[in-house]
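Here the structure comes first, spelled out in structure tokens, and everything after it is commentary.
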Amino acid sequence: MMENFKLKVFRVVADTMNFRRAADELRLTQPAVTAQIKSLEESLGIALFDRIGRDTKLTPAGATLLKYARQIEAVTNDAIAALAPYGGQEGVDLSIGASHTIAVYLLPKLLPQLLSEWPKLHIHVTSGSTNEVLHALTEHQIGVGLIEAPAFRPDLKIETFGEDELALIVRPDHRWARKAMLRAAELVQESILLREMGSGMRHFVEEYLEQNGVLRQQLRTLIDINSTEAIISAVEAGLGVGFVPCMALEKALKLGSIKAVPLENGPIHRQLSIVLLNGPEPMGPIGQLLEILRENSAARGSLSESVPTNSAKAGMMHSGNGKPRRRRDPLAE
């Protein structure tokens with residue numbers, strides 16, 4: 001264990017703000033965690049946490065130490081990764097921050113390949129909005145971010161590694177279910193199920209609609225939902241039609257509980273990006289993960305799942321000029 005153990009305990013408690021959860025994560029007893037924090041505070045001569053009733057908060061000194069503890073963790077992981085060619089992998093941690101779709105539908109398909117190279121690796125995945133992922137990265141809470149929305153941050157390295165598509169879905173008995181192509185203007189006729197205001201997914205849908213003559217004020221958006229799975233369930237229940245990532249549709253399409261309807265001047269594309277702190281190219285598990293993402297993107301194109309539609313030619317999508325093009329799926333087994 002290269003990282004100072006007391007600092008590690010402090011960092012985990014600071015991240016969870018809960019001594020019991022920290023004890024579970026560290027596989028220690030709660031009294032042992034409390035003893036480590038007390039010993040660290042006594043050695044430094046300052047209080048790191050304010051404990052008021054059941055609430056735990058960092059003191060200003062604790063907040064300052066946490067920044068350095070996270071930097072120490074990152075440097076320690078880099079050192080362990082550099083030593084890996086000599087036979088050591090014990091204690092390597094990888095913290096990934098990912099947008100919801102990537103965390104739920106993409107990473108589970110890629111991480112087995114990473115674990116085959118790093119069998120002792122401990123992976124921590126946190127999902128959140130693009131802004132939350134970027135904040136976690138700059139605060140050294142994660143080592144790499146994977147986002148779905150565009151980000152313009154000159155202080156960070158941002159690299160596109162793939163592309164996802166957003167599909168319009170309806171119930172199988174909906175009047176649009178057999179349409180070969182739907183015009184954007186027709187969407188004002190139905191209740192539209194979208195992600196919550198401010199989400200990247202909603203931004204891409206509204207941008208597509210405005211480019212095709214439909215203003216957001218014209219939409220009937222009676223229900224906003226902060227979950228892709230909930231939108232699919234709501235469509236299945238007949239609450240409206242919805243927009244969701246193609247990567248999320250595999251099970252529902254196989255069950256036949258929803259249909260994907262092709263859009264005129266569609267599909268709606270969004271880029272998937274890697275975000276890193278400025279600096280040299282990462283080594284170790286992060287470097288390996290980046291290689292996996294780049295190889296999948298370069299070898300097979302779009303990262304979305306195949307989505308059967310009712311267009312005249314199965315397996316084809318229509319570009320804005322009306323010419324069909326074949327959908328590619330890099331992760332289909």
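Residue names in the structure tokens use chain letters A, B, ... in the order shown, residue numbers from 1 in each chain, and ligand numbers from 1 in the order shown.
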Practice task
Please give the complete set of residues from range 109-327 of chain A that DSSP, run on the backbone, assigns to helix (DSSP H, G or I), formatted as a ChimeraX atom specification.
Solution key: /A:109-117,130-138,184-189,200-211,216-218,228-236,246-248,250-255,284-300
Practice task
Compile the contact shell of Ile192 in chain A as a list in words: residues with an atom at most 7 Å away, counting only C-alpha atoms, same-chain residues fewer than 3 positions apart removed.
Solution key: Leu219, Arg220, Thr221, Gly240, Val241 and Gly242 of chain A
Exercise for the section: Might you pull out every residue within 12 Å of Leu65 in chain A, with only C-alpha atoms counted and same-chain residues fewer than 4 positions away left off, and present them as a list in words? Expected result: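 Selected residues are Leu7, Lys8, Phe10, Arg11, Ala14, Leu40, Glu41, Leu44, Ile46, Ala47, Leu48, Phe49, Leu58, Thr59, Pro60, Ala61, Ala69, Arg70, Gln71 and Ile72 of chain A.
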Would you mind exporting the chosen residues as a short mmCIF file (atom, residue, chain, number, x, y, z; two decimals), in the first residue's frame, restricted to C-alpha atoms?
data_model
loop_
_atom_site.label_atom_id
_atom_site.label_comp_id
_atom_site.auth_asym_id
_atom_site.auth_seq_id
_atom_site.Cartn_x
_atom_site.Cartn_y
_atom_site.Cartn_z
CA LEU A 7 -4.81 9.81 4.26
CA LYS A 8 -6.76 7.16 2.35
CA PHE A 10 -9.55 10.52 5.45
CA ARG A 11 -10.19 10.78 1.71
CA ALA A 14 -14.48 13.04 3.05
CA LEU A 40 -4.54 11.89 11.82
CA GLU A 41 -6.11 14.95 13.47
CA LEU A 44 -1.63 17.38 12.47
CA ILE A 46 -6.06 20.40 13.75
CA ALA A 47 -9.67 19.24 13.38
CA LEU A 48 -10.53 17.91 9.91
CA PHE A 49 -14.23 17.26 10.44
CA LEU A 58 -15.21 19.17 6.52
CA THR A 59 -13.56 22.00 8.34
CA PRO A 60 -11.70 24.59 6.22
CA ALA A 61 -8.49 22.71 7.09
CA ALA A 69 -5.00 13.93 -0.63
CA ARG A 70 -6.64 13.55 -4.04
CA GLN A 71 -3.48 14.70 -5.79
CA ILE A 72 -1.46 12.21 -3.72
#
Practice task
Write out as a list in words which residues come within 8 Å of Val261 in chain A when counting only C-alpha atoms, dropping same-chain ones fewer than 6 positions away.
Solution key: Ala167, Leu168, Ile169, Val170, Trp176, Ala177, Arg178, Lys179, Ala180, Met181, Leu182, Thr309 and Asn310 of chain A
Problem - Exercise: Arg21 in chain A partners within 12 Å, only C-alpha atoms, chain neighbours under 6 positions left out, as a count of residues only - result: 10
If you run DSSP on this backbone, which residues of range 110-313 of chain A come out as strand (DSSP E), and could you give them as a compact mmCIF listing (two decimals) with all heavy atoms, in the first residue's frame?
# COMPACT_ATOMS: atom_id res chain seq x y z
N HIS A 122 -9.22 -2.00 -9.16
CA HIS A 122 -10.46 -1.60 -8.48
C HIS A 122 -11.04 -0.41 -9.25
O HIS A 122 -10.42 0.65 -9.32
CB HIS A 122 -10.18 -1.20 -7.03
CG HIS A 122 -9.54 -2.28 -6.22
ND1 HIS A 122 -10.22 -3.39 -5.77
CD2 HIS A 122 -8.26 -2.43 -5.79
CE1 HIS A 122 -9.40 -4.17 -5.09
NE2 HIS A 122 -8.19 -3.61 -5.10
N ILE A 123 -12.23 -0.60 -9.83
CA ILE A 123 -12.85 0.43 -10.66
C ILE A 123 -14.01 1.07 -9.92
O ILE A 123 -14.85 0.39 -9.35
CB ILE A 123 -13.35 -0.16 -12.00
CG1 ILE A 123 -12.18 -0.79 -12.77
CG2 ILE A 123 -14.02 0.93 -12.84
CD1 ILE A 123 -12.62 -1.50 -14.04
N HIS A 124 -14.02 2.40 -9.92
CA HIS A 124 -15.12 3.15 -9.31
C HIS A 124 -15.76 4.00 -10.42
O HIS A 124 -15.08 4.85 -11.02
CB HIS A 124 -14.61 4.07 -8.20
CG HIS A 124 -13.74 3.35 -7.20
ND1 HIS A 124 -14.25 2.68 -6.12
CD2 HIS A 124 -12.39 3.18 -7.14
CE1 HIS A 124 -13.27 2.15 -5.41
NE2 HIS A 124 -12.13 2.43 -6.02
N VAL A 125 -17.03 3.77 -10.72
CA VAL A 125 -17.74 4.52 -11.76
C VAL A 125 -18.79 5.40 -11.10
O VAL A 125 -19.62 4.91 -10.33
CB VAL A 125 -18.41 3.59 -12.78
CG1 VAL A 125 -19.16 4.41 -13.84
CG2 VAL A 125 -17.37 2.69 -13.45
N THR A 126 -18.75 6.69 -11.40
CA THR A 126 -19.75 7.64 -10.91
C THR A 126 -20.42 8.27 -12.11
O THR A 126 -19.75 8.78 -13.00
CB THR A 126 -19.09 8.74 -10.06
OG1 THR A 126 -18.36 8.14 -8.98
CG2 THR A 126 -20.13 9.68 -9.50
N SER A 127 -21.76 8.22 -12.16
CA SER A 127 -22.48 8.83 -13.27
C SER A 127 -23.03 10.19 -12.86
O SER A 127 -23.30 10.44 -11.68
CB SER A 127 -23.64 7.93 -13.73
OG SER A 127 -24.62 7.81 -12.72
N VAL A 144 -10.60 10.18 -15.12
CA VAL A 144 -10.99 10.39 -16.52
C VAL A 144 -12.50 10.60 -16.56
O VAL A 144 -13.25 10.02 -15.77
CB VAL A 144 -10.58 9.17 -17.39
CG1 VAL A 144 -11.21 7.89 -16.89
CG2 VAL A 144 -10.93 9.41 -18.86
N GLY A 145 -12.93 11.46 -17.47
CA GLY A 145 -14.35 11.71 -17.67
C GLY A 145 -14.79 11.27 -19.06
O GLY A 145 -14.03 11.40 -20.02
N LEU A 146 -16.01 10.74 -19.16
CA LEU A 146 -16.60 10.34 -20.44
C LEU A 146 -17.95 11.03 -20.54
O LEU A 146 -18.85 10.75 -19.74
CB LEU A 146 -16.75 8.82 -20.51
CG LEU A 146 -15.46 8.01 -20.30
CD1 LEU A 146 -15.77 6.52 -20.25
CD2 LEU A 146 -14.45 8.31 -21.40
N ILE A 147 -18.10 11.93 -21.51
CA ILE A 147 -19.30 12.75 -21.57
C ILE A 147 -19.99 12.64 -22.93
O ILE A 147 -19.40 12.22 -23.92
CB ILE A 147 -18.97 14.22 -21.27
CG1 ILE A 147 -17.97 14.77 -22.31
CG2 ILE A 147 -18.42 14.36 -19.86
CD1 ILE A 147 -17.71 16.26 -22.17
N LEU A 156 -8.89 21.79 -20.10
CA LEU A 156 -8.97 20.34 -20.11
C LEU A 156 -8.70 19.79 -21.51
O LEU A 156 -8.86 20.51 -22.50
CB LEU A 156 -10.37 19.88 -19.66
CG LEU A 156 -10.81 20.27 -18.25
CD1 LEU A 156 -12.27 19.89 -18.03
CD2 LEU A 156 -9.92 19.63 -17.20
N LYS A 157 -8.29 18.54 -21.57
CA LYS A 157 -8.11 17.87 -22.87
C LYS A 157 -9.38 17.11 -23.19
O LYS A 157 -9.81 16.23 -22.43
CB LYS A 157 -6.92 16.91 -22.82
CG LYS A 157 -5.58 17.59 -22.67
CD LYS A 157 -4.43 16.65 -22.99
CE LYS A 157 -4.37 15.48 -22.04
NZ LYS A 157 -3.16 14.63 -22.27
N ILE A 158 -10.00 17.43 -24.33
CA ILE A 158 -11.26 16.80 -24.73
C ILE A 158 -11.06 16.16 -26.10
O ILE A 158 -10.65 16.82 -27.04
CB ILE A 158 -12.41 17.82 -24.77
CG1 ILE A 158 -12.59 18.46 -23.38
CG2 ILE A 158 -13.71 17.16 -25.21
CD1 ILE A 158 -13.62 19.56 -23.32
N GLU A 159 -11.38 14.88 -26.18
CA GLU A 159 -11.15 14.10 -27.40
C GLU A 159 -12.39 13.28 -27.73
O GLU A 159 -12.87 12.51 -26.90
CB GLU A 159 -9.95 13.17 -27.22
CG GLU A 159 -9.74 12.19 -28.35
CD GLU A 159 -8.70 11.14 -28.01
OE1 GLU A 159 -7.93 11.34 -27.05
OE2 GLU A 159 -8.67 10.11 -28.70
N THR A 160 -12.91 13.43 -28.93
CA THR A 160 -14.07 12.64 -29.36
C THR A 160 -13.64 11.19 -29.60
O THR A 160 -12.62 10.94 -30.23
CB THR A 160 -14.67 13.21 -30.65
OG1 THR A 160 -15.10 14.56 -30.40
CG2 THR A 160 -15.85 12.38 -31.11
N PHE A 161 -14.42 10.24 -29.07
CA PHE A 161 -14.08 8.83 -29.28
C PHE A 161 -15.21 8.04 -29.94
O PHE A 161 -15.05 6.86 -30.23
CB PHE A 161 -13.70 8.15 -27.96
CG PHE A 161 -14.85 7.91 -27.01
CD1 PHE A 161 -15.60 6.74 -27.09
CD2 PHE A 161 -15.17 8.84 -26.05
CE1 PHE A 161 -16.65 6.52 -26.21
CE2 PHE A 161 -16.21 8.62 -25.16
CZ PHE A 161 -16.95 7.45 -25.24
N GLY A 162 -16.32 8.68 -30.22
CA GLY A 162 -17.41 7.94 -30.85
C GLY A 162 -18.62 8.82 -31.03
O GLY A 162 -18.59 10.03 -30.81
N GLU A 163 -19.70 8.19 -31.44
CA GLU A 163 -20.94 8.90 -31.73
C GLU A 163 -22.13 8.07 -31.30
O GLU A 163 -22.12 6.84 -31.44
CB GLU A 163 -21.01 9.18 -33.24
CG GLU A 163 -22.12 10.11 -33.65
CD GLU A 163 -22.05 10.43 -35.14
OE1 GLU A 163 -22.49 9.58 -35.94
OE2 GLU A 163 -21.53 11.51 -35.50
N ASP A 164 -23.12 8.73 -30.75
CA ASP A 164 -24.36 8.08 -30.37
C ASP A 164 -25.49 8.74 -31.15
O ASP A 164 -25.32 9.83 -31.70
CB ASP A 164 -24.58 8.23 -28.85
CG ASP A 164 -25.81 7.48 -28.36
OD1 ASP A 164 -26.17 6.46 -29.00
OD2 ASP A 164 -26.40 7.89 -27.36
N GLU A 165 -26.63 8.08 -31.19
CA GLU A 165 -27.81 8.64 -31.85
C GLU A 165 -28.99 8.64 -30.90
O GLU A 165 -29.08 7.77 -30.02
CB GLU A 165 -28.15 7.83 -33.11
CG GLU A 165 -27.08 7.89 -34.17
CD GLU A 165 -27.30 6.86 -35.28
OE1 GLU A 165 -28.40 6.26 -35.30
OE2 GLU A 165 -26.39 6.67 -36.09
N LEU A 166 -29.87 9.62 -31.07
CA LEU A 166 -31.10 9.68 -30.30
C LEU A 166 -32.24 9.26 -31.19
O LEU A 166 -32.38 9.75 -32.32
CB LEU A 166 -31.33 11.09 -29.76
CG LEU A 166 -30.24 11.64 -28.85
CD1 LEU A 166 -30.58 13.06 -28.40
CD2 LEU A 166 -30.04 10.74 -27.64
N ALA A 167 -33.06 8.32 -30.72
CA ALA A 167 -34.16 7.77 -31.52
C ALA A 167 -35.50 8.21 -30.97
O ALA A 167 -35.67 8.36 -29.74
CB ALA A 167 -34.08 6.25 -31.54
N LEU A 168 -36.46 8.40 -31.86
CA LEU A 168 -37.84 8.64 -31.45
C LEU A 168 -38.52 7.29 -31.30
O LEU A 168 -38.49 6.47 -32.21
CB LEU A 168 -38.58 9.47 -32.50
CG LEU A 168 -40.09 9.64 -32.27
CD1 LEU A 168 -40.35 10.49 -31.04
CD2 LEU A 168 -40.77 10.22 -33.50
N ILE A 169 -39.13 7.04 -30.14
CA ILE A 169 -39.78 5.76 -29.90
C ILE A 169 -41.26 5.95 -29.61
O ILE A 169 -41.68 6.95 -29.02
CB ILE A 169 -39.12 4.98 -28.74
CG1 ILE A 169 -39.16 5.78 -27.43
CG2 ILE A 169 -37.69 4.61 -29.10
CD1 ILE A 169 -38.74 4.98 -26.21
N VAL A 170 -42.06 4.97 -30.05
CA VAL A 170 -43.51 4.97 -29.84
C VAL A 170 -43.95 3.56 -29.45
O VAL A 170 -43.19 2.60 -29.60
CB VAL A 170 -44.26 5.42 -31.12
CG1 VAL A 170 -43.79 6.81 -31.56
CG2 VAL A 170 -44.05 4.42 -32.25
N ILE A 192 -44.71 14.83 -25.84
CA ILE A 192 -43.33 14.41 -26.02
C ILE A 192 -42.68 14.20 -24.65
O ILE A 192 -42.74 15.06 -23.78
CB ILE A 192 -42.51 15.47 -26.80
CG1 ILE A 192 -43.19 15.82 -28.12
CG2 ILE A 192 -41.10 14.96 -27.05
CD1 ILE A 192 -43.23 14.70 -29.12
N LEU A 193 -42.06 13.04 -24.47
CA LEU A 193 -41.35 12.73 -23.23
C LEU A 193 -39.87 13.01 -23.44
O LEU A 193 -39.23 12.41 -24.30
CB LEU A 193 -41.57 11.27 -22.85
CG LEU A 193 -43.03 10.89 -22.59
CD1 LEU A 193 -43.19 9.37 -22.58
CD2 LEU A 193 -43.50 11.47 -21.27
N LEU A 194 -39.34 13.95 -22.66
CA LEU A 194 -37.95 14.36 -22.79
C LEU A 194 -37.25 14.30 -21.45
O LEU A 194 -37.89 14.26 -20.39
CB LEU A 194 -37.87 15.80 -23.33
CG LEU A 194 -38.41 16.06 -24.73
CD1 LEU A 194 -38.40 17.55 -25.00
CD2 LEU A 194 -37.58 15.33 -25.77
N ARG A 195 -35.92 14.28 -21.49
CA ARG A 195 -35.14 14.41 -20.27
C ARG A 195 -35.37 15.81 -19.67
O ARG A 195 -35.88 16.71 -20.33
CB ARG A 195 -33.66 14.18 -20.55
CG ARG A 195 -33.31 12.73 -20.83
CD ARG A 195 -33.44 11.87 -19.59
NE ARG A 195 -32.55 12.33 -18.53
CZ ARG A 195 -31.31 11.90 -18.37
NH1 ARG A 195 -30.80 11.00 -19.19
NH2 ARG A 195 -30.57 12.36 -17.37
N ASP A 224 -41.50 15.84 -17.70
CA ASP A 224 -40.05 15.79 -17.86
C ASP A 224 -39.52 14.68 -16.95
O ASP A 224 -39.94 14.56 -15.80
CB ASP A 224 -39.40 17.11 -17.45
CG ASP A 224 -39.80 18.27 -18.37
OD1 ASP A 224 -40.20 17.98 -19.50
OD2 ASP A 224 -39.71 19.42 -17.94
N ILE A 225 -38.58 13.87 -17.46
CA ILE A 225 -38.10 12.71 -16.72
C ILE A 225 -36.58 12.72 -16.72
O ILE A 225 -35.95 12.94 -17.76
CB ILE A 225 -38.62 11.40 -17.35
CG1 ILE A 225 -40.15 11.41 -17.45
CG2 ILE A 225 -38.16 10.19 -16.55
CD1 ILE A 225 -40.75 10.19 -18.12
N VAL A 241 -44.82 9.91 -26.72
CA VAL A 241 -43.69 9.41 -27.50
C VAL A 241 -42.43 10.03 -26.90
O VAL A 241 -42.51 11.07 -26.24
CB VAL A 241 -43.83 9.76 -29.00
CG1 VAL A 241 -45.13 9.19 -29.56
CG2 VAL A 241 -43.79 11.27 -29.22
N GLY A 242 -41.30 9.40 -27.11
CA GLY A 242 -40.11 9.90 -26.43
C GLY A 242 -38.84 9.79 -27.24
O GLY A 242 -38.79 9.05 -28.24
N PHE A 243 -37.83 10.52 -26.79
CA PHE A 243 -36.50 10.46 -27.39
C PHE A 243 -35.54 9.83 -26.40
O PHE A 243 -35.44 10.29 -25.25
CB PHE A 243 -36.01 11.86 -27.77
CG PHE A 243 -36.66 12.42 -29.00
CD1 PHE A 243 -37.82 13.17 -28.90
CD2 PHE A 243 -36.11 12.19 -30.26
CE1 PHE A 243 -38.42 13.70 -30.03
CE2 PHE A 243 -36.70 12.72 -31.39
CZ PHE A 243 -37.87 13.48 -31.28
N VAL A 244 -34.81 8.81 -26.84
CA VAL A 244 -33.84 8.12 -25.99
C VAL A 244 -32.62 7.73 -26.82
O VAL A 244 -32.70 7.64 -28.05
CB VAL A 244 -34.44 6.86 -25.33
CG1 VAL A 244 -35.56 7.22 -24.37
CG2 VAL A 244 -34.93 5.88 -26.38
N PRO A 245 -31.48 7.45 -26.19
CA PRO A 245 -30.30 7.02 -26.93
C PRO A 245 -30.51 5.63 -27.53
O PRO A 245 -31.15 4.76 -26.93
CB PRO A 245 -29.20 6.96 -25.86
CG PRO A 245 -29.72 7.75 -24.72
CD PRO A 245 -31.19 7.63 -24.75
N LYS A 259 -41.36 0.82 -30.71
CA LYS A 259 -40.86 0.90 -32.08
C LYS A 259 -40.07 2.19 -32.25
O LYS A 259 -40.40 3.21 -31.67
CB LYS A 259 -42.02 0.89 -33.09
CG LYS A 259 -42.81 -0.40 -33.14
CD LYS A 259 -42.05 -1.48 -33.87
CE LYS A 259 -42.91 -2.73 -34.06
NZ LYS A 259 -42.17 -3.79 -34.77
N ALA A 260 -39.02 2.14 -33.05
CA ALA A 260 -38.25 3.33 -33.37
C ALA A 260 -38.72 3.87 -34.72
O ALA A 260 -38.85 3.11 -35.69
CB ALA A 260 -36.76 3.01 -33.43
N VAL A 261 -39.00 5.17 -34.78
CA VAL A 261 -39.56 5.79 -35.99
C VAL A 261 -38.49 6.68 -36.63
O VAL A 261 -37.97 7.59 -35.96
CB VAL A 261 -40.80 6.63 -35.65
CG1 VAL A 261 -41.40 7.23 -36.92
CG2 VAL A 261 -41.84 5.80 -34.92
N ILE A 268 -30.62 12.06 -35.12
CA ILE A 268 -30.01 13.06 -34.26
C ILE A 268 -28.71 12.48 -33.70
O ILE A 268 -28.73 11.49 -32.97
CB ILE A 268 -30.96 13.44 -33.11
CG1 ILE A 268 -32.30 13.93 -33.67
CG2 ILE A 268 -30.32 14.50 -32.23
CD1 ILE A 268 -33.36 14.14 -32.60
N HIS A 269 -27.60 13.09 -34.04
CA HIS A 269 -26.29 12.60 -33.60
C HIS A 269 -25.78 13.40 -32.41
O HIS A 269 -26.08 14.58 -32.26
CB HIS A 269 -25.26 12.74 -34.73
CG HIS A 269 -25.53 11.85 -35.90
ND1 HIS A 269 -25.28 10.51 -35.89
CD2 HIS A 269 -26.03 12.13 -37.13
CE1 HIS A 269 -25.60 9.98 -37.06
NE2 HIS A 269 -26.07 10.94 -37.82
N ARG A 270 -24.99 12.77 -31.58
CA ARG A 270 -24.24 13.48 -30.54
C ARG A 270 -22.91 12.78 -30.35
O ARG A 270 -22.81 11.55 -30.42
CB ARG A 270 -25.01 13.55 -29.22
CG ARG A 270 -25.36 12.22 -28.63
CD ARG A 270 -26.07 12.39 -27.30
NE ARG A 270 -26.37 11.11 -26.68
CZ ARG A 270 -26.84 10.97 -25.46
NH1 ARG A 270 -27.05 12.03 -24.72
NH2 ARG A 270 -27.10 9.78 -24.98
N GLN A 271 -21.88 13.56 -30.11
CA GLN A 271 -20.54 13.02 -29.95
C GLN A 271 -20.32 12.54 -28.52
O GLN A 271 -20.86 13.09 -27.57
CB GLN A 271 -19.49 14.07 -30.31
CG GLN A 271 -19.46 14.42 -31.79
CD GLN A 271 -18.38 15.43 -32.10
OE1 GLN A 271 -17.99 16.23 -31.26
NE2 GLN A 271 -17.88 15.41 -33.33
N LEU A 272 -19.51 11.50 -28.40
CA LEU A 272 -19.07 11.01 -27.10
C LEU A 272 -17.61 11.38 -26.95
O LEU A 272 -16.81 11.17 -27.87
CB LEU A 272 -19.24 9.49 -27.02
CG LEU A 272 -20.63 8.94 -27.38
CD1 LEU A 272 -20.64 7.42 -27.26
CD2 LEU A 272 -21.70 9.55 -26.49
N SER A 273 -17.25 11.93 -25.80
CA SER A 273 -15.90 12.49 -25.65
C SER A 273 -15.21 12.01 -24.37
O SER A 273 -15.85 11.77 -23.35
CB SER A 273 -15.94 14.02 -25.64
OG SER A 273 -16.48 14.52 -26.84
N ILE A 274 -13.89 11.89 -24.47
CA ILE A 274 -13.01 11.64 -23.33
C ILE A 274 -12.54 13.00 -22.81
O ILE A 274 -12.19 13.88 -23.60
CB ILE A 274 -11.78 10.83 -23.76
CG1 ILE A 274 -12.19 9.47 -24.34
CG2 ILE A 274 -10.79 10.67 -22.62
CD1 ILE A 274 -11.08 8.81 -25.15
N VAL A 275 -12.52 13.16 -21.49
CA VAL A 275 -12.03 14.40 -20.90
C VAL A 275 -10.95 14.06 -19.88
O VAL A 275 -11.13 13.20 -19.01
CB VAL A 275 -13.15 15.19 -20.20
CG1 VAL A 275 -12.64 16.57 -19.79
CG2 VAL A 275 -14.37 15.33 -21.10
N LEU A 276 -9.81 14.74 -20.00
CA LEU A 276 -8.67 14.54 -19.10
C LEU A 276 -8.13 15.88 -18.64
O LEU A 276 -8.34 16.91 -19.31
CB LEU A 276 -7.55 13.78 -19.83
CG LEU A 276 -7.83 12.37 -20.33
CD1 LEU A 276 -6.76 11.94 -21.31
CD2 LEU A 276 -7.89 11.40 -19.15
N LEU A 277 -7.43 15.86 -17.52
CA LEU A 277 -6.68 17.04 -17.11
C LEU A 277 -5.53 17.25 -18.08
O LEU A 277 -5.00 16.29 -18.66
CB LEU A 277 -6.14 16.86 -15.70
CG LEU A 277 -7.18 16.77 -14.57
CD1 LEU A 277 -6.50 16.41 -13.27
CD2 LEU A 277 -7.96 18.08 -14.44
Handout entry: Computed interatomic separation between CA of Ile96 in chain A and CA of Pro280 in chain A (Å)
Key = 18.1 Å
Practice task
Calculate how many Å separate CA of Ala103 in chain A from CA of Ile292 in chain A, rounding to one decimal.
Solution key: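 Taking CA of Ala103 in chain A as the start and CA of Ile292 in chain A as the end point, the length is 15.3 Å.
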Handout entry: From A:Glu229, A:Asp155, A:Glu210, A:Leu106, residue lying nearest Gly279 in chain A [only C-alpha atoms]
Key =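 So, comparing all the options, the nearest one is A:Asp155.
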